[in-house]
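Working notes, structure below.
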Amino acid sequence: MTAHILIRSLDRGATLFLIAVAAIAIAVPVLNLALPESSAFHIPTYLVALFGKYACYALLALSIDLIWGYCGILSLGHGAFFALGGYAMGMYLMRQIGTRGVYADPILPDFMVFLNWKHLPVYWYGFEYFPYAALMVLLVPGVLAFVFGWFAFRSRVTGVYLSIITQALTFALMLGFFRNNFGFGGNNGLTDFKDILGFNVQAETTRAALFSISCVAIMLGFLLCRAIITSKFGKVLIAIRDAEARARFLGYRVESYKLFVFTLSACMAGVAGALYVPQVGIINPSEFAPANSIEAVIWVAVGGRGTLTGAVIGAVLVNYAKTYFTSGFLAPYWLFMLGALFILVTLLLPRGVVGTLRHWTALRRDRASAAAEDGVREPMPAE
Amino acid sequence: MLFSRACLVALVLAFGLALGCAAAHAATLQEGIAHFTADDFDQTLAGLNEVAASGSPRALTVIRALQDGNLMFSAEKKAVYIKTDSGKLVDAATGQPIAGAPPADVDNVRLNNRVRGAIDAALGGLTLLASDPAARYDAAQAVFKSRRVSALKALETAIGKEQDPRVKRAMLEARAAITLSSDKGSDPDKLAAIEIIRQRGDQDALGLLSSLPANTSAPVMKSAAAAIGAIKNRLALWDAVQNAWYGISLGSVLLLAAIGLAITFGVMGVINMAHGEMVMLGAYVTFVVQEAIRANDPALFDYSLAIALPLAFIVAGCVGIVIERTIIRFLYGRPLETLLATWGLSLILQQAVRSAFGPNNRDVGNPSWMSGAFDLGGITITYNRLWIICFALAVFIALLALLRYTRFGLEMRAVTQNRPMAASMGIRTSRVDALTFGLGSGIAGMAGVALSQIDNVSPNLGQGYIIDSFMVVVFGGVGNLWGTLVGSFVLGIANKFLEPYAGAVLGKIAILVFIILFIQKRPRGMFALKGRAIEA
């Protein structure tokens with residue numbers, strides 16, 4: 001059964017992509033740890049952390065592409081699930097600090113001591129155990145997405161209405177997390193982490209390991225998405241994307257399909273957030289900002305909506321450009337570029353980079369086969 | 001004594017008989033002023049009281065100078081001066097410039113909190129008899145707050161003379177406050193005073209009644225407790241009225257911000273994420289207009305908003321039409337892509353304004369007819385909020401009339417209801433789209449002029465309103481302006497009523513949850529269009 005699913009989901013492109021990610025997952029830590037700093041091929045540790053960040057963003061982009069590219073749900077609040085996963089991981093890391101904090105309180109994190117809290121809030125219980133925290137990384141975004149989606153999809157909130165509501169969701173969460181009495185560190189968020197599973201988060205080896213784990217997470221997420229979209233279930237999702245009303249009239253329970261894939265995508269975003277926090281070293285409420293969620297959508301659009309490899313490539317490309325341009329003298333113009341990117345991609349490159357490439361190769365193949373025999377062209381997916 | 005008499009002689013010689021009648025005043029004024037040279041707080045206090053009691057027309061000037069730290073003395077010459085705004089010294093008693101160079105050891109008369117309190121009370125007592133009713137009213141309020149027994153005598157005199165009923169009422173309240181907070185005074189007097197305070201019925205009255213002296217008799221205490229209960233009820237009622245007013249005010253702001261959005265979304269099904277930036281552009285137009293007026297003709301300042309309104313409409317409207325023609329036109333039928341493209345546009349507009357005007361808040365002033373406030377019952381109503389409510393309603397009515405009675409409005413409604421059919425009837429839908437987008441953006445620009453009066457004018461101005469205005473549109477439904485009106489006021493008032501109980505954040509979250517549950521019942525908002533064409 002497993003083998004069958006694997007064979008079905010892995011076409012040539014997907015296999016190549018997985019091999020490439022695996023190669024990067026191995027090569028980067030090796031080049032960082034094994035080579036001396038003087039070597040030309042040495043990758044400095046700060047770059048490993050940076051690549052790790054990109055990897056987490058890529059996983060987030062995958063989760064967005066799953067619902068937007070294959071089910072037509074444009075969520076402008078996926079940053080909320082990402083940040084919730086991040087906070088769950090952050091809470092675990094906070095509890096690991098123990099007496100090494102500024103106030104050296106064995107139980108309470110520093111900000112609670114600072115706010116004069118006497119007891120750990122109930123919702124912080126259990127976060128000192130990694131398995132529990134890992135479970136919460138999946139459960140908290142998942143349950144929120146399930147409840148939210150259950151209400152939204154059942155009443156057939158679609159299109160821009162859904163986008164706006166998801167944006168309001170992340171906006172409301174941001175306001176909430178900014179408050180001190182919410183119990184998540186308010187403005188400053190959670191930071192100053194020391195250990196993860198007993199390893200120092202600042203150490204080179206830990207960073208390299210986290211990077212590799214992030215890459216593995218991308219591979220697993222990619223495989224999961226491929227397995228879904230190549231299955232019969234995935235065909236129904238695409239049908240919903242292209243003609244929701246028709247799919248409903250054919251007897252499919254559209255809301256259940258949407259709810260499942262939305263919840264799954266939220267869990268993936270949560271995992272991405274959880275991997276992001278130890279590598280970046282901080283999680284604060286600005287991760288909930290609606291602008292972040294919209295930016296994540298543009299990664300997918302740049303790479304190619306409805307192409308999983310495109311989502312990953314788009315996330316890395318845009319974020320690399322962001323790092324490159326915001327650090328130099330071009331910094332004041334970065335927002336102009338980002339804004340122009342939004343406009344140009346939607347106007348001129350609606351298929352994205354990978355989508356356009358595929359379109360070209362498909363056209364060439366078509367022409368070649370049309371010359372050979374009078375073949376029937378595959379219909380292009382509707383926008 | 002010899003000194004003061006010498007001064008008196010000098011004065012009479014210098015200024016003739018006209019000042020002779022003031023001589024008796026001047027004597028005590030001089031004696032009081034002489035205390036200031038001692039550089040001792042007790043002496044200063046004594047001097048202050050003598051000056052206040054002297055009844056001299058110079059007393060007010062001297063005490064004001066003392067309060068502002070402009071009263072100077074020279075211990076060597078035993079003389080007291082007032083430092084004028086230009087830094088020159090004049091004699092405190094006469095107001096004449098001093099001859100020759102100022103003494104070397106001139107220094108400020110120092111103050112401590114005890115003296116400062118006494119100054120406030122003395123000023124209150126002195127201005128009780130001022131000729132300006134507003135000054136008398138303020139003085140009575142100052143006495144009410146300070147409750148100094150020393151002001152009682154001046155207060156009695158003032159009450160006897162007072163003609164203005166409002167000022168008299170304030171003075172009676174002040175006298176009642178003094179009666180109640182003093183240890184002496186008969187019970188009937190105090191009961192009458194409680195009655196007066198109860199009718200005042202504000203937070204200050206509550207504070208006064210709940211801090212009566214310990215030796216107050218039982219019946220007075222009982223009456224005070226009853227009065228406290230009555231005042232609390234009254235305050236709770238006014239609190240609700242105040243919340244409703246704030247809610248209406250917020251609703252009018254939301255209406256202004258959302259109405260343009262509702263039009264573009266209703267007619268074209270286009271979510272314009274750059275709508276907030278149109279509002280921001282309008283606010284910056286106001287800023288530029290005011291700067292130009294300040295530089296060229298400050299007298300026109302009161303008309304700055306009237307000039308800015310049409311300009312903002314034109315600027316934002318033109319930007320809107322350009323956006324429609326260059327970007328949105330190509331994205332019809334792809335609402336999600338439009339959303340992303342307009343978001344990109346909003347980033348560019350924000351950054352452009354940031355580059356042109358800087359990232360900080362710009363100062364936009366209120367014209368005189370929009371500043372200030374008045375009291376209505378127990379609530380304070382500021383003029384700018386009041387004008388914005390009027391303006392929002394005026395825009396709403398004008399737009400309603402435009403849709404109902406003009407050819408453009410008719411075409412717009414036709415396109416909203418059924419685009420292909422409207423096109424078949426010969427309506428140039430693409431022209432209607434462009435004009436509608438321009439109209440919606442122009443209204444957003446005018447909203448920006450209004451918002452510049454109550455909010456910080458910064459490049460992020462629009463972002464604060466965009467999500468709330470989307471909520472209004474989602475809640476109210478599209479294609480019908482009444483939905484926007486009801487939606488904005490319902491959300492505005494609900495927000496302000498939830499705030500005191502749940503806090504601003506939980507209130508917002510509660511409203512979001514409410515909207516999510518509401519669209520369960522009515523997925524297309526309160527005033528939804530019906531028909532097959534809508535579902536497309």
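Scheme for the structure tokens: letters A, B, ... for chains in order shown; per-chain residue numbers from 1; ligand numbers from 1 in order shown.
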Original post:
Given a cut-off of 10 Å, which residues of chain A touch chain B, counting only C-alpha atoms, written out as a PyMOL selection string?
Top reply: chain A and resi 72-74+76+148+151-165+167-169+171-179+245+290-291+294-295+297-298+301+332-348+350+383
**OP:** Using only C-alpha atoms, determine which residues lie at most 8 Å from region 248-261 of chain B, disregarding the query and same-chain residues fewer than 5 positions distant; provide the list as number ranges by chain.
**Re:** B: 271-272, 275-276, 279, 385-386, 388-389, 392-393, 395-396, 439-444, 447, 451, 465-466, 468-470, 472-473, 481, 484-485, 488-493
Dump C-alpha atoms for the selected residues as a PDB file, in the first residue's frame?
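Final output, out07.pdb:
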```
ATOM      1  CA  ILE B 271     -11.395  43.874  -3.091  1.00  0.00           C
ATOM      2  CA  ASN B 272      -9.153  46.888  -3.103  1.00  0.00           C
ATOM      3  CA  HIS B 275      -8.235  51.457  -0.240  1.00  0.00           C
ATOM      4  CA  GLY B 276      -6.681  52.436   3.075  1.00  0.00           C
ATOM      5  CA  VAL B 279      -7.575  57.444   2.797  1.00  0.00           C
ATOM      6  CA  ARG B 385     -16.220  64.363  16.228  1.00  0.00           C
ATOM      7  CA  LEU B 386     -19.562  66.079  15.775  1.00  0.00           C
ATOM      8  CA  ILE B 388     -17.206  64.167  11.246  1.00  0.00           C
ATOM      9  CA  ILE B 389     -20.533  62.509  12.022  1.00  0.00           C
ATOM     10  CA  ALA B 392     -20.165  61.089   7.075  1.00  0.00           C
ATOM     11  CA  LEU B 393     -23.937  61.337   6.900  1.00  0.00           C
ATOM     12  CA  VAL B 395     -21.429  61.910   2.119  1.00  0.00           C
ATOM     13  CA  PHE B 396     -23.774  58.985   2.580  1.00  0.00           C
ATOM     14  CA  LEU B 439     -15.581  57.489  -7.155  1.00  0.00           C
ATOM     15  CA  GLY B 440     -14.823  54.937  -4.450  1.00  0.00           C
ATOM     16  CA  SER B 441     -11.224  56.104  -4.210  1.00  0.00           C
ATOM     17  CA  GLY B 442     -12.267  59.753  -4.212  1.00  0.00           C
ATOM     18  CA  ILE B 443     -14.618  59.163  -1.292  1.00  0.00           C
ATOM     19  CA  ALA B 444     -11.770  57.428   0.504  1.00  0.00           C
ATOM     20  CA  ALA B 447     -12.518  60.316   4.387  1.00  0.00           C
ATOM     21  CA  LEU B 451      -9.604  61.391   9.600  1.00  0.00           C
ATOM     22  CA  TYR B 465      -8.847  51.119   9.091  1.00  0.00           C
ATOM     23  CA  ILE B 466      -8.670  48.562   6.332  1.00  0.00           C
ATOM     24  CA  ASP B 468     -12.365  47.196  10.195  1.00  0.00           C
ATOM     25  CA  SER B 469     -13.848  48.541   6.993  1.00  0.00           C
ATOM     26  CA  PHE B 470     -13.713  45.074   5.446  1.00  0.00           C
ATOM     27  CA  VAL B 472     -18.227  46.469   7.865  1.00  0.00           C
ATOM     28  CA  VAL B 473     -18.588  45.458   4.226  1.00  0.00           C
ATOM     29  CA  LEU B 481     -25.405  51.349   0.823  1.00  0.00           C
ATOM     30  CA  THR B 484     -22.818  49.785   4.969  1.00  0.00           C
ATOM     31  CA  LEU B 485     -24.557  52.438   7.074  1.00  0.00           C
ATOM     32  CA  SER B 488     -20.685  50.586  10.440  1.00  0.00           C
ATOM     33  CA  PHE B 489     -22.866  51.975  13.201  1.00  0.00           C
ATOM     34  CA  VAL B 490     -23.682  48.559  14.651  1.00  0.00           C
ATOM     35  CA  LEU B 491     -19.997  47.588  14.706  1.00  0.00           C
ATOM     36  CA  GLY B 492     -18.938  51.011  16.016  1.00  0.00           C
ATOM     37  CA  ILE B 493     -21.413  51.022  18.879  1.00  0.00           C
TER      38      ILE B 493
END
```
Original post:
Which one of A:Asn319, A:Met219, A:Tyr276, A:Arg358 sits closest to Ala20 (chain A) if you count only C-alpha atoms?
Top reply: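 Distance minimum relative to Ala20 (chain A) lands on A:Met219.
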**OP:** Check the DSSP output for the backbone and give back, as a list in words, the residues of region 127-292 of chain A in strand (DSSP E or B).
**Re:**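 Assigned to strand (DSSP E or B), within region 127-292 of chain A: Leu190, Thr191, Asp195, Ile196, Phe199, Asn200, Ile282 and Ile283 of chain A.
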**OP:** Give me, please, the distance in Å between CA of Asp164 (chain B) and CA of Leu152 (chain B), quoted to one decimal.
**Re:**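 These atoms are spaced 19.2 Å apart.
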If we count only C-alpha atoms and set the cut-off at 9 Å, which residues sit around Asn112 (chain B), ignoring sequence neighbours fewer than 4 positions away in its own chain? Please answer as a tab-separated table (two decimals) with C-alpha atoms, in the first residue's frame.
```tsv
chain	number	residue	atom	x	y	z
B	41	PHE	CA	8.42	80.09	52.73
B	116	ARG	CA	1.65	76.77	45.26
B	117	GLY	CA	-1.58	75.46	46.79
```
Subject >> Spatial neighbours of region 73-90 of chain B, max dist 6 Å, only C-alpha atoms, sep filter under 6 positions, as number ranges by chain >> reply: B: 37, 96-98, 105-107
Original post:
Using only C-alpha atoms, which residues sit within 8 Å of Arg148 (chain B) once same-chain residues fewer than 4 positions away are excluded, as a PyMOL selection string?
Top reply: chain B and resi 121+143+152+178
**OP:** State, in Å with one decimal place, the distance from CA of Ala135 (chain B) to CA of Trp387 (chain B).
**Re:**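 Atom-to-atom, CA of Ala135 (chain B) to CA of Trp387 (chain B), that is 27.9 Å.
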Original post:
Just asking: which residues within region 216-418 of chain B are alpha helix (DSSP H) according to DSSP, as a VMD selection string?
Top reply: chain B and resid 218 to 268 275 to 296 304 to 326 335 to 357 383 to 405 407 to 417
**OP:** Would you mind reading off the distance between CA of Arg166 (chain B) and CA of Ser368 (chain B), one decimal, in Å?
**Re:** 24.8 Å
